[in-house]
file work-v9.txt (compact mmCIF, C-alpha atoms)
# COMPACT_ATOMS: atom_id res chain seq x y z
CA MET A 1 133.32 190.25 119.73
CA ASP A 2 136.07 188.46 121.69
CA THR A 3 133.63 187.84 124.52
CA ILE A 4 131.11 186.27 122.15
CA LYS A 5 133.80 184.04 120.64
CA LYS A 6 134.85 182.90 124.11
CA ILE A 7 131.24 182.16 124.99
CA PHE A 8 130.83 180.09 121.83
CA ASN A 9 134.04 178.20 122.56
CA LYS A 10 132.89 177.40 126.09
CA SER A 11 129.39 176.50 124.97
CA SER A 12 130.61 174.22 122.18
CA LEU A 13 130.91 171.36 124.66
CA LEU A 14 127.34 171.98 125.74
CA VAL A 15 125.89 171.91 122.24
CA PRO A 16 125.46 168.11 122.05
CA LEU A 17 124.01 167.98 125.58
CA VAL A 18 121.55 170.80 124.92
CA SER A 19 120.68 169.20 121.55
CA ILE A 20 119.78 165.96 123.32
CA ILE A 21 117.60 167.80 125.83
CA LEU A 22 115.86 169.74 123.05
CA GLY A 23 115.36 166.51 121.10
CA LEU A 24 113.73 164.88 124.13
CA LEU A 25 111.50 167.92 124.57
CA VAL A 26 110.41 167.78 120.94
CA GLY A 27 109.66 164.09 121.40
CA ALA A 28 107.61 164.91 124.50
CA ILE A 29 105.63 167.50 122.56
CA ALA A 30 104.98 164.94 119.80
CA MET A 31 103.73 162.47 122.42
CA LEU A 32 101.46 165.04 124.00
CA ALA A 33 100.06 165.91 120.58
CA GLY A 34 99.30 162.21 120.04
CA GLY A 35 97.65 161.84 123.44
CA TYR A 36 100.52 159.97 125.14
CA ASN A 37 102.10 160.65 128.50
CA PRO A 38 105.77 161.55 127.91
CA ILE A 39 106.77 160.89 131.53
CA VAL A 40 105.39 157.35 131.39
CA ALA A 41 106.91 156.86 127.95
CA TYR A 42 110.42 157.94 128.92
CA SER A 43 110.18 155.94 132.14
CA SER A 44 109.24 152.87 130.11
CA LEU A 45 112.12 153.54 127.74
CA PHE A 46 114.62 153.75 130.59
CA GLU A 47 113.21 150.63 132.23
CA LYS A 48 113.50 148.73 128.96
CA ILE A 49 117.17 149.69 128.68
CA VAL A 50 118.27 148.71 132.20
CA GLY A 51 115.29 146.82 133.61
CA THR A 52 116.75 143.30 133.47
CA PRO A 53 120.16 141.71 132.84
CA TYR A 54 118.86 140.59 129.44
CA ASP A 55 117.83 144.13 128.52
CA ILE A 56 121.21 145.51 129.60
CA GLY A 57 122.96 142.92 127.47
CA GLU A 58 120.78 143.57 124.44
CA THR A 59 121.25 147.32 124.83
CA ILE A 60 125.01 146.82 124.74
CA ARG A 61 124.53 144.60 121.70
CA ALA A 62 122.56 147.38 119.97
CA ILE A 63 125.22 149.98 120.82
CA THR A 64 128.16 147.95 119.47
CA PRO A 65 127.60 148.27 115.68
CA LEU A 66 126.97 152.00 116.08
CA ILE A 67 130.40 152.41 117.69
CA PHE A 68 132.00 150.75 114.66
CA THR A 69 130.07 152.73 112.05
CA GLY A 70 130.38 155.96 114.05
CA ILE A 71 134.17 155.80 114.21
CA ALA A 72 134.28 154.75 110.55
CA VAL A 73 132.47 157.94 109.54
CA ALA A 74 134.34 160.09 112.05
CA PHE A 75 137.74 158.79 110.92
CA ALA A 76 137.00 159.74 107.32
CA PHE A 77 135.67 163.15 108.40
CA ARG A 78 138.85 163.83 110.36
CA THR A 79 140.90 163.18 107.24
CA GLY A 80 138.81 165.44 105.03
CA LEU A 81 136.59 162.77 103.45
CA PHE A 82 132.86 162.13 103.65
CA ASN A 83 132.44 158.36 103.78
CA ILE A 84 128.74 157.97 103.20
CA GLY A 85 129.37 154.40 102.01
CA VAL A 86 129.78 152.91 105.50
CA GLU A 87 126.56 150.98 104.96
CA GLY A 88 128.02 149.12 101.99
CA GLN A 89 131.28 148.49 103.82
CA PHE A 90 129.32 147.12 106.77
CA ILE A 91 127.52 144.69 104.44
CA MET A 92 130.76 143.60 102.80
CA GLY A 93 132.24 142.95 106.24
CA MET A 94 129.28 140.69 106.99
CA THR A 95 129.73 138.88 103.69
CA GLY A 96 133.45 138.29 104.11
CA ALA A 97 132.93 136.84 107.58
CA THR A 98 130.05 134.68 106.38
CA ILE A 99 132.10 133.20 103.53
CA ILE A 100 134.84 132.10 105.92
CA GLY A 101 132.41 131.04 108.64
CA VAL A 102 130.29 128.85 106.35
CA LEU A 103 132.70 127.39 103.80
CA PHE A 104 135.64 126.50 106.06
CA GLU A 105 135.99 124.16 109.02
CA LEU A 106 139.03 125.10 111.09
CA PRO A 107 140.15 125.10 114.73
CA TRP A 108 138.50 127.92 116.69
CA TYR A 109 141.78 129.77 117.28
CA ILE A 110 142.22 130.05 113.49
CA HIS A 111 138.64 130.11 112.25
CA GLY A 112 137.34 133.06 114.27
CA PRO A 113 140.34 135.37 113.72
CA LEU A 114 140.39 134.49 110.01
CA ALA A 115 136.70 135.35 109.65
CA ILE A 116 137.24 138.66 111.48
CA PHE A 117 140.28 139.52 109.37
CA THR A 118 138.50 138.65 106.11
CA GLY A 119 135.43 140.71 106.94
CA ALA A 120 137.55 143.70 107.98
CA LEU A 121 139.56 143.33 104.76
CA PHE A 122 136.39 143.20 102.64
CA GLY A 123 135.15 146.41 104.27
CA GLY A 124 138.52 148.10 103.83
CA ILE A 125 138.83 147.13 100.17
CA TRP A 126 135.27 148.30 99.47
CA ALA A 127 136.10 151.70 100.96
CA GLY A 128 139.50 151.66 99.28
CA ILE A 129 137.75 151.58 95.91
CA VAL A 130 136.15 154.91 96.82
CA GLY A 131 139.53 156.27 97.89
CA TYR A 132 141.15 155.12 94.65
CA LEU A 133 138.45 156.74 92.51
CA LYS A 134 138.87 159.95 94.51
CA ALA A 135 142.67 159.98 94.37
CA LYS A 136 143.29 158.75 90.83
CA ARG A 137 140.21 159.86 88.94
CA GLY A 138 138.90 162.79 90.95
CA VAL A 139 135.51 161.12 91.53
CA ASN A 140 133.63 162.68 94.42
CA GLU A 141 133.60 160.18 97.29
CA VAL A 142 129.98 160.98 98.20
CA ILE A 143 128.71 159.90 94.79
CA SER A 144 130.86 156.79 94.44
CA SER A 145 130.26 155.58 97.99
CA ILE A 146 126.47 155.96 97.68
CA MET A 147 126.52 153.91 94.49
CA LEU A 148 128.72 151.26 96.11
CA ASN A 149 126.20 150.93 98.96
CA TRP A 150 123.69 149.45 96.54
CA THR A 151 126.35 147.44 94.74
CA ALA A 152 127.37 145.89 98.05
CA LEU A 153 123.77 144.99 98.89
CA TYR A 154 123.13 143.20 95.60
CA LEU A 155 126.58 141.59 95.49
CA ALA A 156 126.14 140.25 99.03
CA ASN A 157 122.71 138.84 98.13
CA TYR A 158 124.17 137.19 95.03
CA ILE A 159 127.02 135.58 96.97
CA VAL A 160 124.66 134.23 99.63
CA ALA A 161 122.14 132.96 97.07
CA LYS A 162 124.75 131.39 94.78
CA PHE A 163 127.28 129.88 97.16
CA LEU A 164 126.04 129.90 100.76
CA LEU A 165 122.27 129.43 100.68
CA GLU A 166 120.48 127.16 103.13
CA GLU A 167 118.15 124.98 101.06
CA GLY A 168 114.60 126.30 101.11
CA GLN A 169 115.58 129.40 103.10
CA GLN A 170 116.36 133.03 102.33
CA LYS A 171 119.55 132.95 104.37
CA SER A 172 122.99 131.39 104.41
CA ARG A 173 123.84 128.09 106.02
CA PRO A 174 124.74 128.46 109.72
CA ILE A 175 128.23 129.65 110.52
CA HIS A 176 130.32 126.92 112.09
CA GLU A 177 130.57 127.00 115.86
CA SER A 178 134.33 127.45 115.68
CA ALA A 179 133.90 130.89 114.05
CA LEU A 180 131.23 132.29 116.37
CA MET A 181 132.27 135.14 118.64
CA ASN A 182 129.83 134.89 121.54
CA ILE A 183 131.14 135.35 125.09
CA ASP A 184 129.48 132.39 126.80
CA TRP A 185 129.86 133.53 130.39
CA LEU A 186 128.43 136.97 129.57
CA VAL A 187 125.56 135.34 127.70
CA GLU A 188 124.74 133.37 130.83
CA ILE A 189 125.02 136.39 133.13
CA THR A 190 122.69 138.43 130.91
CA ASP A 191 120.03 135.70 130.57
CA LYS A 192 120.90 134.70 126.99
CA ALA A 193 121.47 138.21 125.64
CA ARG A 194 123.58 138.13 122.47
CA MET A 195 126.85 139.31 123.98
CA HIS A 196 129.98 138.93 121.87
CA TRP A 197 133.63 139.91 121.55
CA GLY A 198 132.72 142.68 119.12
CA THR A 199 131.87 144.99 122.02
CA LEU A 200 135.38 144.76 123.44
CA ILE A 201 136.94 145.13 120.00
CA ALA A 202 134.74 148.18 119.35
CA LEU A 203 136.14 149.81 122.50
CA ALA A 204 139.64 148.90 121.35
CA CYS A 205 138.91 150.53 117.99
CA VAL A 206 137.89 153.75 119.77
CA ALA A 207 141.33 153.78 121.39
CA ILE A 208 143.02 152.92 118.07
CA PHE A 209 141.13 155.79 116.41
CA TYR A 210 142.58 158.24 118.92
CA ILE A 211 146.12 156.85 119.01
CA LEU A 212 146.39 156.53 115.24
CA LEU A 213 145.19 160.02 114.41
CA TRP A 214 146.73 162.02 117.26
CA ARG A 215 149.74 160.03 118.42
CA THR A 216 151.43 158.78 115.24
CA LYS A 217 153.20 160.25 112.25
CA GLN A 218 150.75 158.51 109.93
CA GLY A 219 147.87 160.15 111.76
CA TYR A 220 149.47 163.57 111.37
CA GLU A 221 149.76 163.00 107.63
CA LEU A 222 146.18 161.79 107.40
CA ARG A 223 144.90 164.89 109.18
CA ALA A 224 147.22 167.21 107.26
CA VAL A 225 145.95 165.93 103.92
CA GLY A 226 142.40 166.39 105.16
CA TYR A 227 143.01 169.98 106.28
CA ASN A 228 144.88 171.13 103.15
CA PRO A 229 145.88 168.68 100.40
CA ASP A 230 147.90 171.31 98.53
CA ALA A 231 149.97 172.22 101.58
CA ALA A 232 150.47 168.52 102.38
CA LEU A 233 151.67 167.91 98.83
CA TYR A 234 154.07 170.85 99.08
CA ALA A 235 155.39 169.35 102.33
CA GLY A 236 156.26 166.14 100.48
CA MET A 237 153.34 163.96 101.53
CA ASN A 238 151.86 161.46 99.10
CA VAL A 239 148.32 162.84 98.99
CA ASN A 240 146.78 160.19 96.74
CA ARG A 241 148.16 157.31 98.78
CA THR A 242 146.99 158.98 102.00
CA ILE A 243 143.44 159.38 100.67
CA ILE A 244 143.28 155.69 99.77
CA LYS A 245 144.78 154.72 103.13
CA SER A 246 142.26 156.86 105.00
CA MET A 247 139.29 155.33 103.23
CA PHE A 248 140.71 151.83 103.70
CA ILE A 249 141.04 152.30 107.47
CA SER A 250 137.56 153.78 107.67
CA GLY A 251 136.21 150.78 105.76
CA VAL A 252 137.99 148.37 108.12
CA PHE A 253 136.14 149.89 111.07
CA ALA A 254 132.82 149.60 109.21
CA GLY A 255 133.59 146.06 108.06
CA LEU A 256 134.28 144.98 111.64
CA GLY A 257 130.81 146.17 112.58
CA GLY A 258 129.31 143.84 109.98
CA VAL A 259 131.60 140.98 111.01
CA PHE A 260 130.30 140.85 114.55
CA GLU A 261 126.66 141.16 113.57
CA VAL A 262 127.15 137.87 111.73
CA LEU A 263 129.58 136.09 114.05
CA GLY A 264 128.20 137.37 117.33
CA VAL A 265 124.49 138.07 116.85
CA PHE A 266 122.78 136.12 114.06
CA GLY A 267 125.08 133.25 113.11
CA ASN A 268 124.09 133.52 109.45
CA GLN A 269 123.46 136.12 106.74
CA THR A 270 120.07 136.70 105.19
CA ILE A 271 119.21 137.80 101.68
CA MET A 272 118.35 141.44 102.30
CA ALA A 273 115.59 143.43 100.66
CA ALA A 274 117.08 146.63 102.09
CA SER A 275 120.23 147.64 103.90
CA TRP A 276 120.57 147.48 107.67
CA GLY A 277 120.82 151.22 108.24
CA TYR A 278 123.73 151.06 110.68
CA GLY A 279 125.98 152.94 108.26
CA PHE A 280 123.58 155.85 107.95
CA ASP A 281 123.03 155.89 111.70
CA GLY A 282 126.81 156.05 112.00
CA ILE A 283 126.75 159.43 110.26
CA ALA A 284 124.40 160.75 112.94
CA VAL A 285 126.56 159.20 115.67
CA ALA A 286 129.69 160.85 114.28
CA LEU A 287 127.91 164.18 113.93
CA LEU A 288 126.59 164.14 117.50
CA GLY A 289 129.96 162.94 118.81
CA GLY A 290 131.80 165.80 117.13
CA ASN A 291 134.00 163.26 115.26
CA THR A 292 135.95 162.58 118.47
CA PRO A 293 136.56 159.08 119.88
CA ILE A 294 134.84 159.62 123.23
CA GLY A 295 132.09 161.69 121.62
CA VAL A 296 131.33 158.92 119.13
CA PHE A 297 131.23 156.34 121.91
CA LEU A 298 128.78 158.40 123.98
CA ALA A 299 126.62 159.18 120.94
CA ALA A 300 126.49 155.46 120.08
CA VAL A 301 125.36 154.73 123.65
CA LEU A 302 122.59 157.31 123.28
CA PHE A 303 121.38 156.17 119.86
CA GLY A 304 121.69 152.47 120.65
CA GLY A 305 119.88 152.93 123.94
CA LEU A 306 117.07 154.89 122.32
CA GLY A 307 116.79 152.35 119.52
CA TYR A 308 116.50 149.35 121.83
CA GLY A 309 114.44 151.18 124.45
CA SER A 310 111.81 152.21 121.91
CA ALA A 311 110.20 148.79 122.38
CA GLY A 312 109.63 149.70 126.02
CA MET A 313 107.81 152.86 124.99
CA SER A 314 105.60 150.80 122.68
CA PHE A 315 104.69 148.13 125.23
CA GLY A 316 104.83 150.18 128.42
CA ALA A 317 103.16 153.37 127.27
CA GLY A 318 101.60 152.48 123.92
CA VAL A 319 103.82 154.99 122.13
CA PRO A 320 104.75 154.01 118.55
CA SER A 321 108.47 153.42 117.98
CA GLU A 322 108.43 156.16 115.37
CA ILE A 323 108.40 158.65 118.24
CA VAL A 324 111.95 157.59 119.05
CA ARG A 325 112.91 158.40 115.47
CA ILE A 326 111.41 161.84 116.00
CA VAL A 327 113.60 162.25 119.08
CA ILE A 328 116.72 161.09 117.23
CA GLY A 329 115.89 163.24 114.22
CA SER A 330 115.37 166.24 116.47
CA VAL A 331 118.72 165.68 118.19
CA ILE A 332 120.45 165.49 114.81
CA PHE A 333 118.65 168.63 113.67
CA PHE A 334 119.75 170.64 116.69
CA VAL A 335 123.33 169.40 116.41
CA ALA A 336 123.44 170.27 112.71
CA ALA A 337 121.75 173.61 113.32
CA HIS A 338 124.15 174.42 116.15
CA GLY A 339 123.59 178.13 115.59
CA ILE A 340 120.10 177.72 117.07
CA VAL A 341 121.49 175.90 120.11
CA LYS A 342 124.20 178.52 120.62
CA PHE A 343 121.54 181.23 120.35
CA ILE A 344 119.62 179.49 123.15
CA ILE A 345 122.75 178.99 125.27
CA LYS A 346 124.22 182.46 124.73
CA PRO A 347 122.09 184.45 127.26
CA PHE A 348 122.85 181.91 130.02
CA MET A 349 126.56 181.94 129.24
CA ILE A 350 126.69 185.75 129.23
CA LYS A 351 124.84 185.85 132.55
CA ARG A 352 127.26 183.31 134.01
CA SER A 353 130.24 185.26 132.69
CA ASN A 354 128.94 188.51 134.20
CA LYS A 355 128.46 186.84 137.60
CA ARG A 356 132.05 185.64 137.52
CA LYS A 357 133.28 189.15 136.71
CA GLU A 358 131.23 190.60 139.56
CA ALA A 359 132.56 187.97 141.95
CA ALA A 360 136.12 188.76 140.88
call {"tool": "encode", "arguments": {"input": "work-v9.txt", "output": "structure tokens"}}
result
Amino acid sequence: MDTIKKIFNKSSLLVPLVSIILGLLVGAIAMLAGGYNPIVAYSSLFEKIVGTPYDIGETIRAITPLIFTGIAVAFAFRTGLFNIGVEGQFIMGMTGATIIGVLFELPWYIHGPLAIFTGALFGGIWAGIVGYLKAKRGVNEVISSIMLNWTALYLANYIVAKFLLEEGQQKSRPIHESALMNIDWLVEITDKARMHWGTLIALACVAIFYILLWRTKQGYELRAVGYNPDAALYAGMNVNRTIIKSMFISGVFAGLGGVFEVLGVFGNQTIMAASWGYGFDGIAVALLGGNTPIGVFLAAVLFGGLGYGSAGMSFGAGVPSEIVRIVIGSVIFFVAAHGIVKFIIKPFMIKRSNKRKEAA
């Protein structure tokens, strides 16, 4: 029994990697069943991701919002909460940044930071509502956050249509140049790819995620409340305040993702018929990344790369982009059903362990 536990502990780091490989294999089988060549398809996907400076830049652009939403979900998970409302918080972050970017004309050194701060605050407050309902009224955060996703979508559309609308268009007026967050020299290097400061801030947020949770007293309290609220309360921690704080911080991360989609990518906000989907993808990113900072970053790179590279599969090999969704769905399935992956890994790990014993 001890040997099996040790094997599982050692193989736990391999589970995401094996899940990715299995997901790619399932995708290859789906391609073969549809009459497509998986080798050509995956080659086209890889070439689309890194084939030109523009593609590299756009791949990074696609990865960035997934880092924000992934750490938003992972942060809540680490503190014992399931923030399934990241999508709504992402939208509210967009809306807050758009309001400041469209309605105000300020110097760039005030305008941009103010738009970022406002969008992050909108996302944090939207998540804080979920935390308040959980802490003060005992409302399950899954239910309230799902409902607030739709509320955010319709509220954002109302704000754009009522106060920010470009005449004759289904989008807001353009955000003033002073609030835009593009990195001009990177845009030039990458042949006009939509590169922006959000990528660097996303990396900073990964570091903040780690430092805050594992290197501060506040982080210890956040994790303690997540592990055992009753024990944390007995130890003198303010459980209700910690729950609200945790959701607020998670919402700030999600809101920042929305901020930079507006300020760095599109320069305006459209009236949306459906949500973007970044928040729900963030759940998959957090799951694959094991709710760890580096894991979330690597998972975002994978999902963002697959998402952008799917166009290469379509044009280079004639494979529909839905195949990429099959790959991503398969990866998520194998990560979630980690017992299957461990069952596959177990014989190899036992064989490796026996070889080591013989060598010793």
call {"tool": "atom_distance", "arguments": {"input": "work-v9.txt", "atom1": "CA of Ile56 (chain A)", "atom2": "CA of Gly309 (chain A)"}}
result
10.2 Å
call {"tool": "atom_distance", "arguments": {"input": "work-v9.txt", "atom1": "CA of Leu180 (chain A)", "atom2": "CA of Tyr308 (chain A)"}}
result
23.2 Å
call {"tool": "atom_distance", "arguments": {"input": "work-v9.txt", "atom1": "CA of Gly290 (chain A)", "atom2": "CA of Arg241 (chain A)"}}
result
26.0 Å
call {"tool": "residues_around", "arguments": {"input": "work-v9.txt", "residues": "Gln169 (chain A)", "least_positions_apart": "5", "cutoff": "12 Å", "atoms": "only C-alpha atoms", "output": "PyMOL selection string"}}
result
chain A and resi 160-161+164+174+268-271
call {"tool": "residues_around", "arguments": {"input": "work-v9.txt", "residues": "region 135-147 of chain A", "least_positions_apart": "2", "cutoff": "10 Å", "atoms": "only C-alpha atoms", "output": "list of chain:residue names"}}
result
A:Leu81, A:Phe82, A:Asn83, A:Ile84, A:Gly85, A:Val86, A:Glu87, A:Gly88, A:Gln89, A:Trp126, A:Ala127, A:Ile129, A:Val130, A:Gly131, A:Tyr132, A:Leu133, A:Asn149, A:Trp150, A:Thr151, A:Ala152, A:Val239, A:Asn240, A:Arg241, A:Thr242, A:Ile243, A:Ile244, A:Met247
call {"tool": "residues_around", "arguments": {"input": "work-v9.txt", "residues": "Leu222 (chain A)", "least_positions_apart": "3", "cutoff": "8 Å", "atoms": "all atoms listed in the file", "output": "NGL selection string"}}
result
:A and (79 or 213 or 218-219 or 225-226 or 242-243 or 246)
call {"tool": "residues_around", "arguments": {"input": "work-v9.txt", "residues": "Asn182 (chain A)", "least_positions_apart": "4", "cutoff": "6 Å", "atoms": "only C-alpha atoms", "output": "ChimeraX atom specification"}}
result
/A:195-196,264
call {"tool": "closest_atom_pairs", "arguments": {"input": "work-v9.txt", "of": "region 25-125 of chain A", "to": "region 276-284 of chain A", "cutoff": "7 Å", "atoms": "all atoms listed in the file", "output": "tab-separated table"}}
result
residue	atom	partner	partner_atom	distance
A:Pro65	CA	A:Tyr278	CA	6.9
A:Leu66	CA	A:Gly282	CA	5.8
A:Thr69	CA	A:Gly282	CA	4.7
A:Gly70	CA	A:Gly282	CA	4.1
A:Val73	CA	A:Ile283	CA	6.0
A:Val86	CA	A:Gly279	CA	4.7
A:Glu87	CA	A:Gly279	CA	3.9
A:Phe90	CA	A:Gly279	CA	6.9
call {"tool": "closest_residue", "arguments": {"input": "work-v9.txt", "among": "A:Ile175, A:Leu17, A:Leu155, A:Val26", "to": "Val262 (chain A)", "atoms": "only C-alpha atoms"}}
result
A:Ile175
call {"tool": "closest_residue", "arguments": {"input": "work-v9.txt", "among": "A:His111, A:Lys342, A:Pro16, A:Ala41", "to": "Asn291 (chain A)", "atoms": "all atoms listed in the file"}}
result
A:Pro16
call {"tool": "closest_residue", "arguments": {"input": "work-v9.txt", "among": "A:Gly123, A:Phe68, A:Gly57, A:Pro293", "to": "Ile183 (chain A)", "atoms": "all atoms listed in the file"}}
result
A:Gly57
call {"tool": "closest_residue", "arguments": {"input": "work-v9.txt", "among": "A:Thr292, A:Ser44, A:Asn157, A:Asn37", "to": "Leu306 (chain A)", "atoms": "all atoms listed in the file"}}
result
A:Ser44
call {"tool": "residues_around", "arguments": {"input": "work-v9.txt", "residues": "region 330-339 of chain A", "least_positions_apart": "6", "cutoff": "9 Å", "atoms": "all atoms listed in the file", "output": "list in words"}}
result
Ser12, Val15, Pro16, Val18, Ser19, Ile20, Ile21, Leu22, Gly23, Leu24, Val26, Gly27, Ala284, Val285, Leu287 and Leu288 of chain A
